[in-house]
>>> print(open('data.txt').read())   # compact mmCIF, C-alpha atoms and all ligand atoms
# COMPACT_ATOMS: atom_id res chain seq x y z
CA MET A 8 38.82 38.96 -8.66
CA LEU A 9 36.04 40.77 -6.82
CA LYS A 10 33.62 39.49 -9.42
CA ILE A 11 34.79 35.88 -9.05
CA ILE A 12 34.46 36.08 -5.25
CA SER A 13 31.02 37.63 -5.49
CA THR A 14 29.88 35.04 -8.06
CA ILE A 15 31.11 32.14 -5.92
CA GLY A 16 29.63 33.72 -2.79
CA PHE A 17 26.35 34.25 -4.54
CA LEU A 18 26.18 30.67 -5.80
CA VAL A 19 27.08 29.28 -2.34
CA THR A 20 24.31 31.32 -0.69
CA LEU A 21 21.90 30.20 -3.42
CA VAL A 22 22.73 26.54 -2.71
CA LEU A 23 22.38 27.17 1.05
CA PHE A 24 19.10 28.89 0.39
CA LEU A 25 17.80 25.84 -1.45
CA ASN A 26 19.16 23.22 0.96
CA SER A 27 19.55 24.58 4.48
CA ASP A 28 17.48 25.60 7.46
CA ILE A 29 19.06 29.07 7.75
CA THR A 30 16.30 31.65 7.72
CA VAL A 31 15.38 33.07 4.35
CA GLU A 32 15.87 36.62 5.61
CA ILE A 33 19.55 36.03 6.55
CA LEU A 34 20.31 34.44 3.18
CA PHE A 35 18.43 37.22 1.44
CA VAL A 36 20.71 39.83 3.08
CA ILE A 37 23.88 37.85 2.23
CA ASN A 38 22.65 37.46 -1.36
CA ILE A 39 22.08 41.20 -1.65
CA PHE A 40 25.65 41.78 -0.47
CA PHE A 41 27.06 39.58 -3.24
CA ILE A 42 24.82 41.07 -5.90
CA ILE A 43 25.93 44.58 -4.88
CA THR A 44 29.59 43.49 -4.95
CA PHE A 45 29.03 42.01 -8.39
CA PHE A 46 27.60 45.18 -9.84
CA TYR A 47 29.96 47.54 -8.00
CA LYS A 48 33.08 47.17 -10.10
CA PRO A 49 31.68 47.17 -13.62
CA ILE A 50 29.91 50.44 -13.05
CA SER A 51 32.84 52.04 -11.26
CA THR A 52 35.37 51.15 -13.93
CA THR A 53 33.50 52.13 -17.05
CA ARG A 54 31.03 54.60 -18.36
CA SER A 55 29.91 52.26 -21.12
CA PHE A 56 26.95 50.99 -19.10
CA GLN A 57 25.48 54.47 -19.03
CA LYS A 58 26.10 54.96 -22.72
CA ASN A 59 25.29 51.56 -24.00
CA ASN A 60 22.68 49.67 -22.12
CA THR A 61 23.79 46.28 -23.42
CA GLU A 62 27.40 46.30 -22.30
CA ILE A 63 28.22 46.45 -18.64
CA SER A 64 31.98 46.86 -18.33
CA GLY A 65 35.33 47.08 -19.93
CA ASP A 66 36.53 43.70 -18.80
CA ARG A 67 34.50 41.87 -21.44
CA LEU A 68 31.60 40.80 -19.28
CA THR A 69 28.54 41.81 -21.25
CA LYS A 70 24.97 41.96 -20.08
CA ASN A 71 24.27 38.79 -22.05
CA ASP A 72 27.08 36.99 -20.20
CA LEU A 73 25.53 38.08 -16.95
CA GLN A 74 22.12 36.89 -17.96
CA GLU A 75 23.52 33.52 -18.96
CA LEU A 76 25.41 33.27 -15.70
CA PHE A 77 22.71 33.67 -13.15
CA ILE A 78 20.91 36.97 -12.89
CA ASN A 79 18.08 35.76 -15.06
CA GLN A 80 17.80 32.52 -13.11
CA LEU A 81 16.92 34.45 -9.99
CA GLU A 82 13.41 34.75 -8.71
CA ASP A 83 14.40 38.12 -7.29
CA ILE A 84 13.48 41.16 -9.32
CA ILE A 85 16.63 43.17 -10.02
CA ILE A 86 16.46 46.68 -11.38
CA ILE A 87 19.16 49.32 -11.82
CA LEU A 88 18.25 52.99 -12.00
CA ASN A 89 20.36 55.91 -13.16
CA LYS A 90 20.53 59.16 -11.24
CA PHE A 91 17.29 60.33 -12.85
CA ASN A 92 15.49 57.17 -11.68
CA ILE A 93 15.32 55.84 -15.23
CA ILE A 94 15.46 52.03 -15.39
CA THR A 95 18.70 51.09 -17.14
CA TYR A 96 18.69 47.38 -16.37
CA SER A 97 15.96 44.87 -15.54
CA ASN A 98 16.40 41.13 -15.16
CA LYS A 99 14.00 38.45 -16.42
CA ALA A 100 12.00 38.37 -13.15
CA ALA A 101 11.53 42.15 -13.42
CA VAL A 102 10.29 41.81 -16.99
CA GLU A 103 7.92 38.99 -15.98
CA ASN A 104 6.46 41.06 -13.18
CA PHE A 105 6.41 44.56 -14.63
CA GLY A 106 6.48 44.14 -18.41
CA SER A 107 9.00 43.73 -21.18
CA ASN A 108 9.73 47.35 -22.00
CA ILE A 109 10.42 48.97 -18.66
CA GLU A 110 14.02 49.81 -19.50
CA GLY A 111 14.41 53.47 -20.44
CA LYS A 112 11.31 54.42 -18.42
CA HIS A 113 11.02 56.22 -15.10
CA ILE A 114 10.54 53.76 -12.19
CA GLY A 115 7.60 55.80 -10.89
CA SER A 116 5.63 55.22 -14.06
CA GLU A 117 6.32 51.46 -14.13
CA ILE A 118 6.08 50.47 -10.46
CA ARG A 119 3.50 52.54 -8.69
CA ILE A 120 4.47 52.00 -5.07
CA PRO A 121 4.86 55.40 -3.35
CA GLU A 122 6.85 53.94 -0.40
CA LEU A 123 9.37 52.49 -2.89
CA LEU A 124 9.87 55.88 -4.57
CA ASP A 125 10.32 57.58 -1.18
CA ALA A 126 12.93 54.99 -0.15
CA ILE A 127 14.81 55.44 -3.45
CA ASP A 128 14.84 59.22 -2.94
CA ASN A 129 16.06 58.82 0.65
CA ASN A 130 18.78 56.47 -0.51
CA LYS A 131 19.91 59.05 -3.04
CA ILE A 132 20.31 61.56 -0.20
CA ASP A 133 22.14 59.50 2.45
CA LYS A 134 23.47 56.64 0.25
CA GLU A 135 22.56 54.12 2.96
CA LEU A 136 21.09 50.70 2.25
CA LYS A 137 17.30 50.90 2.62
CA LYS A 138 15.10 47.92 3.35
CA ILE A 139 11.35 48.16 3.17
CA ASP A 140 8.44 45.72 3.39
CA ILE A 141 5.51 46.44 1.11
CA GLU A 142 2.08 44.89 1.45
CA LEU A 143 -0.29 45.52 -1.45
CA LYS A 144 -3.96 44.60 -1.09
CA ILE A 145 -5.18 45.44 -4.59
CA PRO A 146 -5.52 44.28 -7.33
CA VAL A 147 -4.24 41.10 -5.62
CA PHE A 148 -2.52 40.48 -2.30
CA LYS A 149 1.26 40.88 -2.62
CA PHE A 150 4.03 41.10 -0.07
CA TYR A 151 7.48 42.32 -1.16
CA LYS A 152 10.73 42.77 0.71
CA ILE A 153 12.73 45.43 -1.10
CA SER A 154 16.36 46.49 -0.73
CA ILE A 155 17.68 49.68 -2.25
CA ALA A 156 21.43 50.25 -2.46
CA SER A 157 23.60 52.95 -3.98
CA ILE A 158 26.09 51.74 -6.50
CA LYS A 159 28.73 53.77 -8.31
CA SER A 160 28.06 56.52 -10.82
CA ASP A 161 24.91 57.62 -9.00
CA HIS A 162 23.17 54.40 -9.91
CA THR A 163 20.72 52.64 -7.63
CA LEU A 164 20.24 48.91 -7.32
CA VAL A 165 16.72 47.81 -6.42
CA ILE A 166 16.16 44.19 -5.40
CA ILE A 167 12.60 43.05 -4.90
CA ARG A 168 11.84 39.66 -3.43
CA ASP A 169 8.31 38.32 -3.58
CA PHE A 170 7.34 36.92 -0.16
CA THR A 171 3.62 36.73 -0.99
CA GLU A 172 3.23 32.97 -0.50
CA MET A 173 5.21 32.97 2.73
CA ARG A 174 3.20 35.92 4.06
CA LYS A 175 -0.07 34.22 3.12
CA SER A 176 0.90 31.10 5.06
CA GLN A 177 2.05 33.25 8.02
CA ASN A 178 -1.33 35.00 7.98
CA MET A 179 -3.12 31.65 7.78
CA ARG A 180 -1.12 30.37 10.74
CA SER A 181 -1.89 33.39 12.90
CA ASP A 182 -5.61 33.26 11.91
CA PHE A 183 -5.56 29.60 12.90
CA ILE A 184 -4.03 30.33 16.30
CA ALA A 185 -6.52 33.15 16.88
CA ASN A 186 -9.46 30.89 15.93
CA ALA A 187 -8.21 27.95 18.00
CA SER A 188 -7.68 30.15 21.07
CA HIS A 189 -11.12 31.68 20.65
CA GLU A 190 -12.80 28.26 20.29
CA LEU A 191 -10.99 26.95 23.38
CA ARG A 192 -11.66 30.06 25.42
CA THR A 193 -15.44 29.91 24.97
CA PRO A 194 -16.00 26.63 26.88
CA LEU A 195 -13.29 27.60 29.37
CA VAL A 196 -15.05 30.87 30.24
CA SER A 197 -18.29 28.97 30.69
CA LEU A 198 -16.57 26.39 32.93
CA LYS A 199 -15.11 29.14 35.13
CA GLY A 200 -18.50 30.87 35.36
CA PHE A 201 -20.28 27.72 36.54
CA LEU A 202 -17.46 26.89 38.97
CA GLU A 203 -17.91 30.31 40.52
CA THR A 204 -21.68 29.88 40.75
CA ILE A 205 -21.38 26.46 42.37
CA THR A 206 -18.95 27.71 44.99
CA ASP A 207 -20.79 30.99 45.49
CA SER A 208 -24.52 31.65 44.93
CA ALA A 209 -25.48 27.98 44.45
CA LYS A 210 -23.29 26.59 47.16
CA ASP A 211 -26.28 25.51 49.28
CA ASP A 212 -28.48 24.40 46.37
CA PRO A 213 -27.66 20.77 45.48
CA LYS A 214 -30.27 20.66 42.69
CA SER A 215 -28.72 23.60 40.81
CA GLN A 216 -25.25 22.28 41.54
CA LYS A 217 -26.13 18.98 39.85
CA LYS A 218 -27.49 20.80 36.80
CA PHE A 219 -24.43 23.05 36.54
CA LEU A 220 -22.08 20.09 36.92
CA GLU A 221 -23.80 18.41 33.95
CA ILE A 222 -23.26 21.55 31.84
CA MET A 223 -19.64 21.73 32.98
CA LYS A 224 -19.13 18.13 31.93
CA SER A 225 -20.49 18.89 28.47
CA GLU A 226 -18.26 21.99 28.13
CA ALA A 227 -15.21 19.97 29.20
CA ASN A 228 -16.14 17.34 26.58
CA LYS A 229 -16.33 20.04 23.89
CA MET A 230 -12.84 21.18 24.84
CA GLU A 231 -11.56 17.63 24.69
CA VAL A 232 -13.05 17.04 21.19
CA LEU A 233 -11.59 20.32 19.95
CA ILE A 234 -8.12 19.53 21.31
CA GLU A 235 -8.25 16.04 19.79
CA ASP A 236 -9.28 17.49 16.39
CA LEU A 237 -6.50 20.09 16.58
CA MET A 238 -3.91 17.44 17.37
CA LEU A 239 -5.20 15.18 14.59
CA LEU A 240 -5.13 18.04 12.09
CA SER A 241 -1.55 18.95 12.94
CA ARG A 242 -0.44 15.29 12.79
CA ILE A 243 -2.08 14.80 9.41
CA GLU A 244 -0.60 18.01 8.00
CA LEU A 245 2.86 16.82 8.99
CA GLN A 246 2.32 13.46 7.28
CA GLU A 247 0.66 14.77 4.12
CA HIS A 248 3.74 14.19 1.95
CA ILE A 249 4.15 10.53 2.98
CA ARG A 250 2.87 8.20 0.27
CA LEU A 251 0.43 5.51 1.38
CA LYS A 252 0.47 2.06 -0.18
CA ASP A 253 -1.65 -0.42 1.82
CA LYS A 254 -4.53 -2.31 0.25
CA VAL A 255 -7.68 -1.18 2.04
CA ASP A 256 -11.10 -2.81 1.86
CA ILE A 257 -13.26 0.31 1.74
CA ASN A 258 -16.46 -1.72 2.20
CA GLU A 259 -15.18 -3.07 5.52
CA VAL A 260 -14.07 0.41 6.61
CA ILE A 261 -17.50 1.94 5.94
CA GLU A 262 -19.38 -1.00 7.51
CA ASN A 263 -17.42 -0.39 10.74
CA VAL A 264 -18.11 3.33 10.56
CA ILE A 265 -21.87 2.66 10.23
CA LEU A 266 -21.67 0.29 13.19
CA LEU A 267 -19.94 2.92 15.31
CA ASN A 268 -22.75 5.37 14.48
CA SER A 269 -25.62 2.89 14.92
CA LYS A 270 -26.91 4.51 18.12
CA LYS A 271 -27.23 7.94 16.52
CA ILE A 272 -28.72 6.40 13.36
CA SER A 273 -31.49 4.65 15.27
CA GLU A 274 -32.13 7.69 17.52
CA LYS A 275 -32.87 9.72 14.39
CA LYS A 276 -34.65 6.83 12.66
CA LEU A 277 -32.39 7.23 9.63
CA ASN A 278 -32.20 4.76 6.81
CA VAL A 279 -28.54 4.18 5.89
CA ASN A 280 -27.76 2.23 2.70
CA LEU A 281 -24.32 0.99 1.75
CA ASN A 282 -23.57 -0.25 -1.75
CA ILE A 283 -19.91 -0.74 -2.71
CA LYS A 284 -19.41 -2.75 -5.90
CA GLU A 285 -16.95 -5.64 -5.76
CA LYS A 286 -14.69 -4.16 -8.48
CA GLU A 287 -14.47 -0.85 -6.59
CA ARG A 288 -13.89 -2.36 -3.18
CA PHE A 289 -10.11 -2.11 -2.79
CA VAL A 290 -8.23 1.17 -2.70
CA ILE A 291 -4.66 2.23 -1.90
CA GLY A 292 -4.32 4.01 1.40
CA ASP A 293 -4.38 3.88 5.16
CA LYS A 294 -7.26 2.09 6.89
CA GLU A 295 -7.30 4.25 10.04
CA LYS A 296 -7.22 7.49 8.09
CA LEU A 297 -9.93 6.39 5.67
CA SER A 298 -12.06 5.40 8.69
CA ALA A 299 -11.63 8.98 9.97
CA VAL A 300 -12.79 10.33 6.56
CA PHE A 301 -15.98 8.26 6.41
CA LEU A 302 -16.64 8.65 10.15
CA ASN A 303 -16.68 12.40 9.65
CA LEU A 304 -18.79 12.32 6.47
CA LEU A 305 -21.37 9.96 8.01
CA ASP A 306 -21.37 11.91 11.28
CA ASN A 307 -22.12 15.10 9.30
CA ALA A 308 -24.82 13.39 7.21
CA ILE A 309 -26.49 12.32 10.50
CA LYS A 310 -25.99 15.65 12.30
CA TYR A 311 -27.21 17.81 9.46
CA SER A 312 -30.29 15.69 8.57
CA GLY A 313 -33.73 15.72 10.12
CA ASN A 314 -35.39 12.57 11.49
CA SER A 315 -36.47 9.66 9.26
CA LYS A 316 -34.30 10.69 6.29
CA SER A 317 -32.07 8.48 4.12
CA VAL A 318 -28.30 8.41 3.75
CA LYS A 319 -26.84 6.55 0.76
CA ILE A 320 -23.20 5.50 0.52
CA GLU A 321 -22.34 4.05 -2.88
CA SER A 322 -19.37 3.50 -5.14
CA PHE A 323 -19.00 4.26 -8.83
CA GLU A 324 -16.26 4.22 -11.44
CA ASN A 325 -14.66 7.65 -11.73
CA THR A 326 -14.98 8.82 -15.30
CA SER A 327 -14.10 12.48 -14.81
CA GLY A 328 -10.42 12.55 -15.71
CA LEU A 329 -9.17 10.54 -12.73
CA LYS A 330 -8.21 7.19 -14.29
CA ASN A 331 -8.07 4.11 -12.04
CA TYR A 332 -9.85 5.86 -9.24
CA THR A 333 -12.85 4.67 -7.26
CA SER A 334 -15.39 7.24 -6.18
CA ILE A 335 -17.54 6.85 -3.10
CA SER A 336 -20.54 9.11 -2.60
CA VAL A 337 -22.10 9.96 0.74
CA ILE A 338 -25.52 11.39 -0.10
CA ASP A 339 -27.89 12.82 2.49
CA GLU A 340 -31.34 14.40 2.44
CA GLY A 341 -30.40 16.92 5.11
CA PHE A 342 -30.43 20.71 5.43
CA GLY A 343 -28.03 21.22 2.55
CA ILE A 344 -25.42 23.95 2.15
CA ALA A 345 -25.95 27.38 0.59
CA PRO A 346 -24.02 27.78 -2.72
CA GLU A 347 -21.85 30.60 -1.34
CA ASP A 348 -20.71 28.36 1.57
CA ILE A 349 -19.77 25.24 -0.39
CA HIS A 350 -16.22 26.33 -1.24
CA ARG A 351 -15.62 27.38 2.37
CA ILE A 352 -16.75 24.34 4.33
CA THR A 353 -13.37 22.62 4.16
CA GLU A 354 -11.70 25.68 5.72
CA ARG A 355 -10.62 25.22 9.33
CA PHE A 356 -13.24 26.39 11.82
CA PHE A 357 -15.75 27.35 9.14
CA ARG A 358 -19.33 26.51 10.19
CA THR A 359 -22.43 27.59 8.27
CA GLU A 360 -24.84 30.06 9.86
CA ASN A 361 -27.48 27.34 9.64
CA ALA A 362 -25.38 24.90 11.72
CA LYS A 363 -24.77 27.60 14.33
CA LYS A 364 -28.42 28.74 14.36
CA LEU A 365 -29.66 25.17 14.84
CA LYS A 366 -27.06 24.78 17.65
CA ILE A 367 -25.69 21.59 16.11
CA GLU A 368 -22.45 20.84 17.89
CA GLY A 369 -19.20 20.72 15.97
CA THR A 370 -15.68 22.10 15.84
CA GLY A 371 -15.57 23.12 12.17
CA LEU A 372 -12.41 21.02 11.79
CA GLY A 373 -13.84 17.71 10.53
CA LEU A 374 -13.88 18.54 6.82
CA ALA A 375 -10.46 20.24 7.01
CA ILE A 376 -9.06 16.99 8.45
CA THR A 377 -10.99 14.99 5.81
CA LYS A 378 -9.54 17.07 2.98
CA HIS A 379 -5.95 16.70 4.24
CA ILE A 380 -6.35 12.92 4.53
CA ILE A 381 -7.76 12.69 1.00
CA ASN A 382 -4.87 14.86 -0.26
CA GLN A 383 -2.42 12.47 1.34
CA HIS A 384 -4.13 9.66 -0.61
CA ARG A 385 -3.63 11.73 -3.80
CA GLY A 386 -7.41 11.67 -3.98
CA GLU A 387 -10.12 14.25 -4.46
CA LEU A 388 -13.12 15.56 -2.52
CA LYS A 389 -16.07 17.01 -4.43
CA ILE A 390 -19.05 18.58 -2.74
CA THR A 391 -22.43 19.38 -4.24
CA SER A 392 -25.52 20.46 -2.38
CA LYS A 393 -28.99 21.91 -2.71
CA PHE A 394 -29.93 24.13 0.17
CA GLY A 395 -32.91 22.61 1.97
CA LYS A 396 -32.69 19.36 -0.03
CA GLY A 397 -29.45 17.58 0.83
CA SER A 398 -25.76 17.20 0.03
CA GLU A 399 -23.39 14.84 -1.73
CA PHE A 400 -19.75 14.35 -0.75
CA ILE A 401 -17.75 12.39 -3.37
CA VAL A 402 -14.43 10.91 -2.25
CA SER A 403 -12.20 9.64 -5.09
CA LEU A 404 -9.33 7.32 -4.15
CA PRO A 405 -6.75 5.43 -6.20
CA LYS A 406 -7.84 1.86 -6.92
CA HIS A 407 -5.69 -0.99 -5.70
P1 LIG B 1 -18.42 20.45 12.09
O1 LIG B 1 -17.67 19.93 13.25
O2 LIG B 1 -18.97 21.82 12.31
O3 LIG B 1 -19.45 19.50 11.57
P2 LIG B 1 -17.06 20.09 9.56
O4 LIG B 1 -15.72 20.59 9.15
O5 LIG B 1 -17.28 18.63 9.51
O6 LIG B 1 -17.30 20.68 11.01
O7 LIG B 1 -18.14 20.80 8.65
C1 LIG B 1 -18.05 22.20 8.44
C2 LIG B 1 -19.43 22.80 8.23
O8 LIG B 1 -19.95 22.33 6.97
C3 LIG B 1 -20.46 22.37 9.25
O9 LIG B 1 -20.43 23.20 10.38
C4 LIG B 1 -21.74 22.49 8.47
O10 LIG B 1 -22.15 23.83 8.52
C5 LIG B 1 -21.35 22.15 7.04
N1 LIG B 1 -21.65 20.75 6.68
C6 LIG B 1 -20.79 19.71 6.65
N2 LIG B 1 -21.40 18.58 6.24
C7 LIG B 1 -22.66 18.91 5.98
C8 LIG B 1 -23.81 18.17 5.51
N3 LIG B 1 -23.75 16.87 5.21
N4 LIG B 1 -24.97 18.87 5.34
C9 LIG B 1 -25.05 20.19 5.62
N5 LIG B 1 -24.00 20.94 6.06
C10 LIG B 1 -22.83 20.31 6.24
>>> encode(input="data.txt", output="structure tokens")
Amino acid sequence: MLKIISTIGFLVTLVLFLNSDITVEILFVINIFFIITFFYKPISTTRSFQKNNTEISGDRLTKNDLQELFINQLEDIIIILNKFNIITYSNKAAVENFGSNIEGKHIGSEIRIPELLDAIDNNKIDKELKKIDIELKIPVFKFYKISIASIKSDHTLVIIRDFTEMRKSQNMRSDFIANASHELRTPLVSLKGFLETITDSAKDDPKSQKKFLEIMKSEANKMEVLIEDLMLLSRIELQEHIRLKDKVDINEVIENVILLNSKKISEKKLNVNLNIKEKERFVIGDKEKLSAVFLNLLDNAIKYSGNSKSVKIESFENTSGLKNYTSISVIDEGFGIAPEDIHRITERFFRTENAKKLKIEGTGLGLAITKHIINQHRGELKITSKFGKGSEFIVSLPKH
């Protein structure tokens, strides 16, 4: 009866876990309760588990039955230890993570996490449920939540849940907040400083006041651009799963983008060439979002190029695996990107040392936004560059 209740309870929590908004931690704890209940009786009613590792109890529920039922479907690693800390049972997830022949071995030799061994020893002393969080940095980043419970006959149940992906995204989120706050604080501090100067030491100096007010205006503009980029990024992230299906004339989109940039293009005496072939002109997507992509790529090509250089924007048939895709290249003869920076330039807030040294203004969010928009189009962004010579950004989009 206990087993039936625990099985039903377990399955209900599993379904809730897959479908509901209840926090993972709460469901994890409930799940542990049902797993403990499930294992409790078989081990208390029979000694056969200790003698014969393949049969769990006297009421005809064998280890194979269990595996077929659900234990092996779990992503959780489940391990049972005897009183000598020898592994007497390991589910499929345990085998996948720690190897196929861990049964019969001491846990310390198979899972080398000192905090885990300490918690198991402590559990053996006070028999109380232990919960520990383990963060491993090497050989690769891992984050585990581990529960250790005493079950009958001096056995110990160890349940390990891998929270690595969730932890990574938590870390990314907090890095993002730290970066965003830092980027917003810098112009704010400068604004406050100039305000103080205007109302204090420069209060009777209209010439300085005018100069400082100009700087304040530019700092306020920087803040505005950053906030707009942050809002755009968060909006686009939320919409990334929505499929786009409009027919978009990419030639028209890029012509408008060039028009919007015409002042900057003529200031730098750049030569911008657009060549989209008729058969590659229509793609599936969202016109506004694709405008944002090419606005950012052209803006970068202008910003990161010297005077009198060329920028080419051309289409070609994608032949590299992506069938029925159109590729559009934005090629500049600008400063280029160092090889070690190429894979990082689509990260939020990443700016190359060169861009910072040359004091070229930017938020470091443009390419992150670009990449998310292209992802939403089920497209691809490829970047190649030669430092000091120029860069090429290839956007591949599904053809209409
Ligand atoms: P930003 O607002 O700084 O331009 P982006 O996300 O658009 O932000 O670009 C990230 C960084 O990538 C830039 O700071 C710059 O260092 C580098 N970068 C982007 N485009 C180019 C380019 N065409 N040529 C050289 N460097 C580029």
>>> residues_near_ligand(input="data.txt", ligand="ligand LIG 1 (chain B)", cutoff="6 Å", atoms="all atoms listed in the file", output="list in words")
Asn307, Ala308, Tyr311, Gly341, Phe342, Gly343, Ile344, Ile352, Thr353, Phe357, Arg358, Thr359, Ala362, Gly369, Thr370, Gly371, Leu372, Gly373, Leu374, Ala375 and Ser398 of chain A
>>> residues_around(input="data.txt", residues="Lys389 in chain A", least_positions_apart="5", cutoff="9 Å", atoms="all atoms listed in the file", output="list in words")
Glu399, Phe400, Ile401, Val402 and Ser403 of chain A
>>> write_last_selection(input="data.txt", atoms="C-alpha atoms", output="mmCIF file, in the frame of the given file")
data_model
loop_
_atom_site.group_PDB
_atom_site.id
_atom_site.type_symbol
_atom_site.label_atom_id
_atom_site.label_comp_id
_atom_site.auth_asym_id
_atom_site.auth_seq_id
_atom_site.Cartn_x
_atom_site.Cartn_y
_atom_site.Cartn_z
ATOM 1 C CA GLU A 399 -23.390 14.840 -1.730
ATOM 2 C CA PHE A 400 -19.750 14.350 -0.750
ATOM 3 C CA ILE A 401 -17.750 12.390 -3.370
ATOM 4 C CA VAL A 402 -14.430 10.910 -2.250
ATOM 5 C CA SER A 403 -12.200 9.640 -5.090
#
>>> atom_distance(input="data.txt", atom1="CA of Ala227 in chain A", atom2="CA of Gly200 in chain A")
12.9 Å
>>> closest_residue(input="data.txt", among="A:Thr163, A:Leu136, A:Lys144, A:Glu354", to="Ile86 in chain A", atoms="only C-alpha atoms")
A:Thr163
>>> atom_distance(input="data.txt", atom1="CA of His189 in chain A", atom2="CA of Asp236 in chain A")
14.9 Å
>>> closest_residue(input="data.txt", among="A:Ala156, A:Val300, A:Ile166, A:Leu404", to="Ile78 in chain A", atoms="all atoms listed in the file")
A:Ile166
>>> residues_around(input="data.txt", residues="Ser154 in chain A", least_positions_apart="5", cutoff="8 Å", atoms="all atoms listed in the file", output="list of chain:residue names")
A:Ile39, A:Leu136, A:Lys137, A:Lys138, A:Ile139, A:Val165, A:Ile166, A:Ile167
>>> atom_distance(input="data.txt", atom1="CA of Val290 in chain A", atom2="CA of Ile249 in chain A")
16.5 Å
>>> residues_around(input="data.txt", residues="His384 in chain A", least_positions_apart="5", cutoff="10 Å", atoms="only C-alpha atoms", output="list in words")
Glu247, His248, Ile249, Arg250, Leu251, Lys252, Val290, Ile291, Gly292, Asp293, Lys296, Leu297, Lys378, His379, Ser403, Leu404 and Pro405 of chain A
>>> residues_around(input="data.txt", residues="range 93-109 of chain A", least_positions_apart="6", cutoff="8 Å", atoms="all atoms listed in the file", output="ChimeraX atom specification")
/A:57,60,74,78-87,117-118
>>> closest_residue(input="data.txt", among="A:Lys159, A:Lys284, A:Lys229, A:Arg351", to="Ile320 in chain A", atoms="all atoms listed in the file")
A:Lys284
>>> residues_near_point(input="data.txt", point="(-26.7, 2.4, 2.8)", cutoff="6 Å", atoms="all atoms listed in the file", output="PyMOL selection string")
chain A and resi 279-281+319-320
>>> residues_around(input="data.txt", residues="Asn325 in chain A", least_positions_apart="6", cutoff="8 Å", atoms="all atoms listed in the file", output="mmCIF file with C-alpha atoms, in the coordinates of the input")
data_model
loop_
_atom_site.group_PDB
_atom_site.id
_atom_site.type_symbol
_atom_site.label_atom_id
_atom_site.label_comp_id
_atom_site.auth_asym_id
_atom_site.auth_seq_id
_atom_site.Cartn_x
_atom_site.Cartn_y
_atom_site.Cartn_z
ATOM 1 C CA ASN A 331 -8.070 4.110 -12.040
ATOM 2 C CA TYR A 332 -9.850 5.860 -9.240
ATOM 3 C CA THR A 333 -12.850 4.670 -7.260
ATOM 4 C CA SER A 334 -15.390 7.240 -6.180
ATOM 5 C CA SER A 403 -12.200 9.640 -5.090
#
>>> closest_residue(input="data.txt", among="A:Leu198, A:Leu143, A:Ile205, A:Ile257", to="Phe289 in chain A", atoms="all atoms listed in the file")
A:Ile257
>>> build_atoms(input="data.txt", residues="range 100-108 of chain A", atoms="N, CA, C and O atoms", output="PDB file, keeping the file's coordinate frame")
ATOM      1  N   ALA A 100      13.101  38.343 -14.139  1.00  0.00           N
ATOM      2  CA  ALA A 100      12.000  38.370 -13.150  1.00  0.00           C
ATOM      3  C   ALA A 100      11.314  39.735 -13.155  1.00  0.00           C
ATOM      4  O   ALA A 100      10.095  39.823 -13.018  1.00  0.00           O
ATOM      5  N   ALA A 101      12.108  40.808 -13.367  1.00  0.00           N
ATOM      6  CA  ALA A 101      11.530  42.150 -13.420  1.00  0.00           C
ATOM      7  C   ALA A 101      10.605  42.281 -14.620  1.00  0.00           C
ATOM      8  O   ALA A 101       9.491  42.806 -14.539  1.00  0.00           O
ATOM      9  N   VAL A 102      11.089  41.758 -15.752  1.00  0.00           N
ATOM     10  CA  VAL A 102      10.290  41.810 -16.990  1.00  0.00           C
ATOM     11  C   VAL A 102       8.997  41.027 -16.801  1.00  0.00           C
ATOM     12  O   VAL A 102       7.908  41.471 -17.174  1.00  0.00           O
ATOM     13  N   GLU A 103       9.116  39.825 -16.170  1.00  0.00           N
ATOM     14  CA  GLU A 103       7.920  38.990 -15.980  1.00  0.00           C
ATOM     15  C   GLU A 103       6.895  39.677 -15.085  1.00  0.00           C
ATOM     16  O   GLU A 103       5.702  39.539 -15.276  1.00  0.00           O
ATOM     17  N   ASN A 104       7.390  40.432 -14.115  1.00  0.00           N
ATOM     18  CA  ASN A 104       6.460  41.060 -13.180  1.00  0.00           C
ATOM     19  C   ASN A 104       5.939  42.418 -13.643  1.00  0.00           C
ATOM     20  O   ASN A 104       4.805  42.769 -13.365  1.00  0.00           O
ATOM     21  N   PHE A 105       6.819  43.188 -14.316  1.00  0.00           N
ATOM     22  CA  PHE A 105       6.410  44.560 -14.630  1.00  0.00           C
ATOM     23  C   PHE A 105       6.367  44.881 -16.125  1.00  0.00           C
ATOM     24  O   PHE A 105       6.159  46.019 -16.503  1.00  0.00           O
ATOM     25  N   GLY A 106       6.596  43.888 -16.968  1.00  0.00           N
ATOM     26  CA  GLY A 106       6.480  44.140 -18.410  1.00  0.00           C
ATOM     27  C   GLY A 106       7.816  44.158 -19.105  1.00  0.00           C
ATOM     28  O   GLY A 106       8.864  44.355 -18.482  1.00  0.00           O
ATOM     29  N   SER A 107       7.762  43.951 -20.432  1.00  0.00           N
ATOM     30  CA  SER A 107       9.000  43.730 -21.180  1.00  0.00           C
ATOM     31  C   SER A 107       9.718  45.019 -21.573  1.00  0.00           C
ATOM     32  O   SER A 107      10.876  45.002 -21.955  1.00  0.00           O
ATOM     33  N   ASN A 108       9.037  46.151 -21.506  1.00  0.00           N
ATOM     34  CA  ASN A 108       9.730  47.350 -22.000  1.00  0.00           C
ATOM     35  C   ASN A 108       9.860  48.427 -20.921  1.00  0.00           C
ATOM     36  O   ASN A 108       9.580  49.594 -21.151  1.00  0.00           O
TER      37      ASN A 108
END
